[in-house]
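Reproduced below: model-v2.cif, with mmCIF, C-alpha atoms.
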data_final
loop_
_atom_site.label_atom_id
_atom_site.label_comp_id
_atom_site.auth_asym_id
_atom_site.auth_seq_id
_atom_site.Cartn_x
_atom_site.Cartn_y
_atom_site.Cartn_z
CA MET R 1 0.00 0.00 0.00
CA TYR R 2 1.35 3.40 -0.95
CA PHE R 3 0.71 6.57 0.99
CA GLU R 4 2.14 9.94 0.14
CA ILE R 5 4.25 11.82 2.66
CA THR R 6 4.88 15.51 2.01
CA PRO R 7 8.55 16.14 1.12
CA ASP R 8 10.54 18.14 3.70
CA ASP R 9 11.43 20.88 1.22
CA GLU R 10 7.76 21.73 0.62
CA PHE R 11 7.25 22.99 4.18
CA ILE R 12 7.43 26.61 5.22
CA LYS R 13 10.14 26.80 7.87
CA THR R 14 11.48 29.37 10.31
CA LYS R 15 14.63 29.54 12.40
CA LYS R 16 12.49 30.07 15.52
CA VAL R 17 10.74 26.69 15.23
CA PRO R 18 12.33 23.24 14.87
CA GLY R 19 11.14 20.96 12.11
CA PRO R 20 9.48 19.67 10.22
CA THR R 21 9.82 16.14 11.51
CA LYS R 22 11.80 14.46 8.75
CA GLU R 23 9.85 12.75 5.98
CA GLU R 24 11.07 9.23 6.84
CA ILE R 25 10.13 9.69 10.51
CA ARG R 26 6.68 11.03 9.56
CA ALA R 27 6.12 7.92 7.41
CA LEU R 28 6.94 5.62 10.32
CA VAL R 29 4.81 7.63 12.77
CA ILE R 30 1.85 7.46 10.37
CA SER R 31 2.37 3.70 10.23
CA LYS R 32 2.51 3.37 14.03
CA VAL R 33 -0.50 5.60 14.71
CA ARG R 34 -2.72 3.51 12.38
CA LEU R 35 -5.00 6.36 11.34
CA THR R 36 -8.45 6.04 9.84
CA ASP R 37 -10.63 8.77 8.38
CA GLU R 38 -12.76 8.60 11.56
CA ASP R 39 -9.89 9.35 13.97
CA VAL R 40 -9.54 12.53 16.00
CA VAL R 41 -5.87 13.24 16.70
CA VAL R 42 -4.23 15.44 19.32
CA ASP R 43 -0.72 16.59 18.36
CA VAL R 44 1.11 18.02 21.38
CA GLY R 45 4.21 20.04 20.46
CA CYS R 46 3.37 20.57 16.78
CA GLY R 47 6.45 22.64 15.82
CA THR R 48 6.20 23.52 12.11
CA GLY R 49 3.23 21.19 11.70
CA GLY R 50 4.87 18.32 9.81
CA LEU R 51 2.93 15.62 11.62
CA THR R 52 -0.18 17.78 11.99
CA LEU R 53 -0.25 18.09 8.20
CA GLU R 54 0.08 14.32 7.69
CA PHE R 55 -2.63 13.64 10.28
CA ALA R 56 -4.95 16.23 8.66
CA LYS R 57 -4.61 14.47 5.28
CA ARG R 58 -5.92 11.24 6.81
CA ALA R 59 -7.96 11.88 9.98
CA LYS R 60 -11.39 13.36 10.65
CA LYS R 61 -10.00 16.17 12.85
CA VAL R 62 -6.73 17.26 14.43
CA TYR R 63 -6.06 19.39 17.51
CA SER R 64 -2.58 20.85 17.11
CA ILE R 65 -1.01 22.26 20.27
CA ASP R 66 2.13 24.30 20.90
CA MET R 67 2.96 26.96 23.47
CA ASN R 68 5.29 28.74 21.01
CA PRO R 69 3.31 31.36 19.02
CA ASP R 70 5.84 31.05 16.17
CA ALA R 71 5.10 27.32 15.97
CA ILE R 72 1.36 27.94 15.77
CA SER R 73 1.90 30.58 13.09
CA THR R 74 4.20 28.32 11.04
CA THR R 75 1.82 25.37 11.37
CA ARG R 76 -1.06 27.61 10.24
CA GLN R 77 0.94 28.71 7.17
CA ASN R 78 1.75 25.10 6.26
CA LEU R 79 -1.87 24.00 6.65
CA GLU R 80 -3.05 26.91 4.48
CA LYS R 81 -0.42 26.12 1.85
CA PHE R 82 -1.83 22.60 1.50
CA GLY R 83 -5.51 23.54 2.00
CA LEU R 84 -5.92 21.60 5.25
CA GLN R 85 -6.66 24.42 7.70
CA ASN R 86 -10.35 23.44 8.03
CA LYS R 87 -9.47 20.03 9.49
CA VAL R 88 -7.24 21.39 12.27
CA GLU R 89 -7.90 23.39 15.42
CA LEU R 90 -4.71 25.21 16.43
CA ILE R 91 -4.25 25.75 20.16
CA GLU R 92 -1.54 28.04 21.50
CA ASP R 93 -1.14 26.77 25.04
CA GLU R 94 0.86 24.47 27.30
CA GLY R 95 0.26 20.85 26.31
CA LEU R 96 -1.26 19.55 29.54
CA LYS R 97 -3.60 22.52 29.96
CA ALA R 98 -4.85 22.21 26.37
CA LEU R 99 -5.20 18.43 26.67
CA ASP R 100 -7.39 18.89 29.77
CA GLU R 101 -9.87 20.86 27.62
CA ILE R 102 -10.14 18.33 24.77
CA GLU R 103 -12.69 15.61 25.38
CA ASP R 104 -13.01 13.15 22.54
CA PHE R 105 -9.96 11.94 20.66
CA THR R 106 -8.72 8.56 19.51
CA LYS R 107 -5.01 9.15 18.86
CA LEU R 108 -2.44 11.14 20.83
CA MET R 109 0.91 12.27 19.41
CA ILE R 110 3.47 13.81 21.76
CA GLY R 111 6.40 15.48 20.04
CA GLY R 112 7.13 18.06 22.73
CA SER R 113 6.11 18.27 26.36
CA GLY R 114 7.59 21.45 27.79
CA GLY R 115 9.10 19.37 30.61
CA ASN R 116 5.74 17.91 31.62
CA LEU R 117 5.96 14.56 29.84
CA ASP R 118 4.69 12.21 32.57
CA ASN R 119 1.57 14.30 33.23
CA ILE R 120 0.79 14.67 29.52
CA ILE R 121 1.17 10.92 28.96
CA GLU R 122 -0.98 10.05 31.98
CA THR R 123 -3.74 12.56 31.23
CA GLY R 124 -3.80 11.71 27.51
CA TYR R 125 -3.68 7.94 27.99
CA LEU R 126 -6.51 7.99 30.52
CA LYS R 127 -8.66 10.08 28.15
CA LEU R 128 -8.07 7.76 25.17
CA PRO R 129 -10.80 5.21 24.47
CA VAL R 130 -9.90 1.53 24.66
CA GLY R 131 -8.10 0.76 21.40
CA GLY R 132 -6.86 4.35 21.05
CA ARG R 133 -3.16 4.87 20.38
CA ILE R 134 -0.46 7.05 21.90
CA ILE R 135 2.81 7.88 20.10
CA ILE R 136 5.79 9.70 21.60
CA THR R 137 8.76 10.76 19.48
CA SER R 138 12.05 11.68 21.08
CA ILE R 139 15.52 12.83 20.20
CA VAL R 140 16.62 12.53 23.83
CA LEU R 141 16.99 8.97 25.16
CA GLU R 142 15.61 9.94 28.56
CA THR R 143 12.32 11.00 26.96
CA ALA R 144 11.95 7.53 25.46
CA THR R 145 12.81 5.72 28.69
CA ASP R 146 10.53 8.00 30.74
CA SER R 147 7.74 7.35 28.22
CA VAL R 148 8.16 3.58 28.43
CA HIS R 149 8.20 3.71 32.24
CA MET R 150 5.05 5.85 32.41
CA LEU R 151 3.14 3.74 29.88
CA LYS R 152 4.03 0.55 31.78
CA GLU R 153 2.78 2.19 35.00
CA LEU R 154 -0.52 2.86 33.22
CA GLY R 155 -0.81 -0.81 32.23
CA ALA R 156 0.14 -0.40 28.56
CA ASP R 157 2.50 -2.60 26.60
CA PRO R 158 4.74 -0.06 24.84
CA GLU R 159 6.59 -0.71 21.59
CA VAL R 160 9.92 1.06 21.08
CA VAL R 161 11.52 1.69 17.71
CA ASN R 162 14.74 3.62 17.13
CA ILE R 163 15.28 4.85 13.61
CA ASN R 164 18.52 6.08 12.11
CA VAL R 165 18.16 7.68 8.70
CA SER R 166 20.98 8.66 6.39
CA ARG R 167 20.37 10.61 3.22
CA GLY R 168 22.61 10.37 0.21
CA THR R 169 24.19 13.34 -1.50
CA VAL R 170 25.19 12.54 -5.04
CA LEU R 171 28.73 13.68 -5.74
CA GLU R 172 30.75 13.45 -8.90
CA ARG R 173 32.65 10.48 -7.50
CA GLY R 174 29.73 8.68 -5.82
CA VAL R 175 27.13 9.02 -3.08
CA MET R 176 28.03 10.43 0.33
CA MET R 177 25.65 9.43 3.13
CA LYS R 178 24.83 12.02 5.80
CA ALA R 179 23.19 10.82 9.00
CA LEU R 180 20.20 12.60 10.52
CA ASN R 181 19.52 12.60 14.27
CA PRO R 182 18.32 9.19 15.45
CA ILE R 183 14.72 9.29 16.67
CA THR R 184 13.05 6.94 19.12
CA ILE R 185 9.33 6.29 18.68
CA VAL R 186 7.39 4.87 21.60
CA SER R 187 3.85 3.73 20.87
CA ALA R 188 1.10 1.87 22.66
CA LYS R 189 -2.54 0.90 22.27
CA LYS R 190 -4.83 1.56 25.23
CA ILE R 191 -6.04 -1.73 26.65
#

Please render this file's structure as structure tokens.
Amino acid sequence: MYFEITPDDEFIKTKKVPGPTKEEIRALVISKVRLTDEDVVVDVGCGTGGLTLEFAKRAKKVYSIDMNPDAISTTRQNLEKFGLQNKVELIEDEGLKALDEIEDFTKLMIGGSGGNLDNIIETGYLKLPVGGRIIITSIVLETATDSVHMLKELGADPEVVNINVSRGTVLERGVMMKALNPITIVSAKKI
């Protein structure tokens, strides 16, 4: 089955906001989240909106949260560029506070936590319906291990995948591979 992932170079970017999440990572996250067109997704720590955009292409609705006004602005611009702004509610707020206000969602993506990871995982996981999925991406190893620990405490059976992507640059003499930051993806289904 083929599904299109938006190329990195098509995103509007700013130096004030990290991202977008690299294309290869977005493809794996989309695979792990197992979206349907009936899903409602919460994306905590949206950054430039790379994952928000991919979720909006496939889900019924997306709540995209970031406490950085530049991130919300950049995400809005990217959604408008691709005509997906009507499927996303942008929320400029701290992740936990915004998550407290959202009632019905089936998938939770955590890409940034503002230092409040455990509380966001616990609150989000408890609000998910049985069968709902939670995904946490991390550059920092401690975020992944903290996520696994918290999910196990909540009774989930987390899956952990670490992905290392290298992209080739074609030179006159051959192809030089350049490594991107390794990313750890922790995911679990609510049971």

Ground truth for the PyMOL selection byres ((chain R and resi 39) around 8), written as number ranges by chain: R: 35-38, 40-41, 59-61, 105-107

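Taken over the shown file, the PyMOL selection byres ((chain R and resi 134) around 8) identifies Val33, Lys107, Leu108, Met109, Ile110, Tyr125, Gly132, Arg133, Ile135, Ile136, Ser187, Ala188, Lys189 and Lys190 of chain R.
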
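CA of Glu142 in chain R to CA of Phe11 in chain R spans 28.9 Å [interatomic distance, one decimal].
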
Check what the PyMOL selection byres ((chain R and resi 47) around 8) selects in the file above and give those residues as a short mmCIF file (atom, residue, chain, number, x, y, z; two decimals) with C-alpha atoms, in the frame of the given file.
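File produced: expr_11.cif:
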data_model
loop_
_atom_site.label_atom_id
_atom_site.label_comp_id
_atom_site.auth_asym_id
_atom_site.auth_seq_id
_atom_site.Cartn_x
_atom_site.Cartn_y
_atom_site.Cartn_z
CA VAL R 17 10.74 26.69 15.23
CA PRO R 18 12.33 23.24 14.87
CA GLY R 19 11.14 20.96 12.11
CA PRO R 20 9.48 19.67 10.22
CA GLY R 45 4.21 20.04 20.46
CA CYS R 46 3.37 20.57 16.78
CA THR R 48 6.20 23.52 12.11
CA GLY R 49 3.23 21.19 11.70
CA GLY R 50 4.87 18.32 9.81
CA ASP R 66 2.13 24.30 20.90
CA ALA R 71 5.10 27.32 15.97
CA ILE R 72 1.36 27.94 15.77
CA THR R 74 4.20 28.32 11.04
CA THR R 75 1.82 25.37 11.37
#

Range 7-74 of chain R residues near range 93-102 of chain R within 10 Å, closest pair each, using all atoms listed in the file, as a Markdown table:
| residue | atom | partner | partner_atom | distance |
| --- | --- | --- | --- | --- |
| R:Val42 | CA | R:Leu99 | CA | 8.0 |
| R:Asp43 | CA | R:Gly95 | CA | 9.1 |
| R:Val44 | CA | R:Gly95 | CA | 5.7 |
| R:Gly45 | CA | R:Gly95 | CA | 7.1 |
| R:Tyr63 | CA | R:Ile102 | CA | 8.4 |
| R:Ser64 | CA | R:Gly95 | CA | 9.6 |
| R:Ile65 | CA | R:Gly95 | CA | 6.3 |
| R:Asp66 | CA | R:Asp93 | CA | 5.8 |
| R:Met67 | CA | R:Asp93 | CA | 4.4 |
| R:Asn68 | CA | R:Asp93 | CA | 7.8 |
| R:Pro69 | CA | R:Asp93 | CA | 8.8 |
| R:Ile72 | CA | R:Asp93 | CA | 9.7 |

Could you list, as a PyMOL selection string, every residue within 6 Å of Ile185 in chain R, counting all atoms listed in the file and ignoring same-chain residues fewer than 6 positions away? chain R and resi 136-137+160-161

Write out as JSON an axis-aligned box for range 166-177 of chain R: all of its atoms listed in the file, 8 Å added on each side, centre and edge lengths in Å with one decimal.
{"center_x": 26.5, "center_y": 11.2, "center_z": -1.3, "size_x": 28.3, "size_y": 21.0, "size_z": 31.3}

Could you list, as a PDB file with C-alpha atoms, keeping the file's coordinate frame, every residue within 8 Å of Leu180 in chain R, counting only C-alpha atoms and ignoring same-chain residues fewer than 3 positions away?
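Here's the written file selection-v8.pdb:
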ATOM      1  CA  ASN R 164      18.520   6.080  12.110  1.00  0.00           C
ATOM      2  CA  VAL R 165      18.160   7.680   8.700  1.00  0.00           C
ATOM      3  CA  SER R 166      20.980   8.660   6.390  1.00  0.00           C
ATOM      4  CA  ARG R 167      20.370  10.610   3.220  1.00  0.00           C
TER       5      ARG R 167
END

Name the residues, using the chain letters and numbers of the file, that sit within 7 Å of (2.5, 10.3, 2.6) when counting all atoms listed in the file, and give them as number ranges by chain. R: 3-6, 27, 54

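The space separating CA of Lys81 in chain R from CA of Glu10 in chain R comes to 9.4 Å.
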
Some atoms are absent from range 164-189 of chain R, so rebuild N, CA, C and O atoms and return them as a short mmCIF file (atom, residue, chain, number, x, y, z; two decimals), in the coordinates of the input.
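Result file follows (result34.cif):
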data_model
loop_
_atom_site.label_atom_id
_atom_site.label_comp_id
_atom_site.auth_asym_id
_atom_site.auth_seq_id
_atom_site.Cartn_x
_atom_site.Cartn_y
_atom_site.Cartn_z
N ASN R 164 17.36 5.30 12.54
CA ASN R 164 18.52 6.08 12.11
C ASN R 164 18.42 6.21 10.59
O ASN R 164 18.42 5.21 9.89
N VAL R 165 18.30 7.43 10.12
CA VAL R 165 18.16 7.68 8.70
C VAL R 165 19.40 8.40 8.20
O VAL R 165 19.87 9.35 8.84
N SER R 166 19.91 7.95 7.09
CA SER R 166 20.98 8.66 6.39
C SER R 166 20.49 8.98 5.00
O SER R 166 19.86 8.15 4.35
N ARG R 167 20.77 10.19 4.57
CA ARG R 167 20.37 10.61 3.22
C ARG R 167 21.60 10.75 2.36
O ARG R 167 22.63 11.27 2.80
N GLY R 168 21.48 10.32 1.13
CA GLY R 168 22.61 10.37 0.21
C GLY R 168 22.69 11.69 -0.54
O GLY R 168 21.68 12.23 -0.97
N THR R 169 23.91 12.19 -0.66
CA THR R 169 24.19 13.34 -1.50
C THR R 169 25.01 12.84 -2.67
O THR R 169 26.08 12.25 -2.48
N VAL R 170 24.50 13.04 -3.86
CA VAL R 170 25.19 12.54 -5.04
C VAL R 170 26.34 13.49 -5.38
O VAL R 170 26.14 14.69 -5.59
N LEU R 171 27.53 12.93 -5.39
CA LEU R 171 28.73 13.68 -5.74
C LEU R 171 29.24 13.19 -7.09
O LEU R 171 28.77 12.16 -7.60
N GLU R 172 30.19 13.87 -7.62
CA GLU R 172 30.75 13.45 -8.90
C GLU R 172 31.34 12.05 -8.81
O GLU R 172 31.21 11.23 -9.71
N ARG R 173 31.96 11.75 -7.68
CA ARG R 173 32.65 10.48 -7.50
C ARG R 173 31.76 9.35 -7.00
O ARG R 173 32.07 8.18 -7.11
N GLY R 174 30.61 9.70 -6.39
CA GLY R 174 29.73 8.68 -5.82
C GLY R 174 28.66 9.31 -4.95
O GLY R 174 28.32 10.48 -5.12
N VAL R 175 28.17 8.55 -3.99
CA VAL R 175 27.13 9.02 -3.08
C VAL R 175 27.68 9.08 -1.67
O VAL R 175 28.21 8.08 -1.16
N MET R 176 27.59 10.27 -1.05
CA MET R 176 28.03 10.43 0.33
C MET R 176 26.79 10.43 1.23
O MET R 176 25.85 11.19 1.02
N MET R 177 26.79 9.53 2.22
CA MET R 177 25.65 9.43 3.13
C MET R 177 25.87 10.36 4.32
O MET R 177 26.95 10.41 4.90
N LYS R 178 24.81 11.12 4.65
CA LYS R 178 24.83 12.02 5.80
C LYS R 178 23.73 11.60 6.76
O LYS R 178 22.56 11.54 6.40
N ALA R 179 24.14 11.30 7.99
CA ALA R 179 23.19 10.82 9.00
C ALA R 179 22.37 11.96 9.58
O ALA R 179 22.87 13.06 9.81
N LEU R 180 21.07 11.69 9.80
CA LEU R 180 20.20 12.60 10.52
C LEU R 180 20.18 12.16 11.99
O LEU R 180 20.64 11.07 12.32
N ASN R 181 19.63 12.99 12.86
CA ASN R 181 19.52 12.60 14.27
C ASN R 181 18.70 11.33 14.40
O ASN R 181 17.63 11.22 13.78
N PRO R 182 19.17 10.36 15.20
CA PRO R 182 18.32 9.19 15.45
C PRO R 182 17.10 9.60 16.27
O PRO R 182 17.19 10.48 17.12
N ILE R 183 15.98 8.98 15.99
CA ILE R 183 14.72 9.29 16.67
C ILE R 183 14.18 7.99 17.27
O ILE R 183 14.20 6.95 16.62
N THR R 184 13.70 8.08 18.49
CA THR R 184 13.05 6.94 19.12
C THR R 184 11.54 7.20 19.12
O THR R 184 11.10 8.29 19.49
N ILE R 185 10.79 6.21 18.71
CA ILE R 185 9.33 6.29 18.68
C ILE R 185 8.79 5.25 19.65
O ILE R 185 9.06 4.06 19.52
N VAL R 186 8.04 5.74 20.63
CA VAL R 186 7.39 4.87 21.60
C VAL R 186 5.89 4.92 21.30
O VAL R 186 5.33 6.00 21.15
N SER R 187 5.28 3.76 21.17
CA SER R 187 3.85 3.73 20.87
C SER R 187 3.17 2.65 21.70
O SER R 187 3.81 1.69 22.13
N ALA R 188 1.87 2.86 21.91
CA ALA R 188 1.10 1.87 22.66
C ALA R 188 -0.38 2.02 22.33
O ALA R 188 -0.85 3.10 22.01
N LYS R 189 -1.09 0.91 22.42
CA LYS R 189 -2.54 0.90 22.27
C LYS R 189 -3.14 0.82 23.67
O LYS R 189 -2.66 0.06 24.52
#
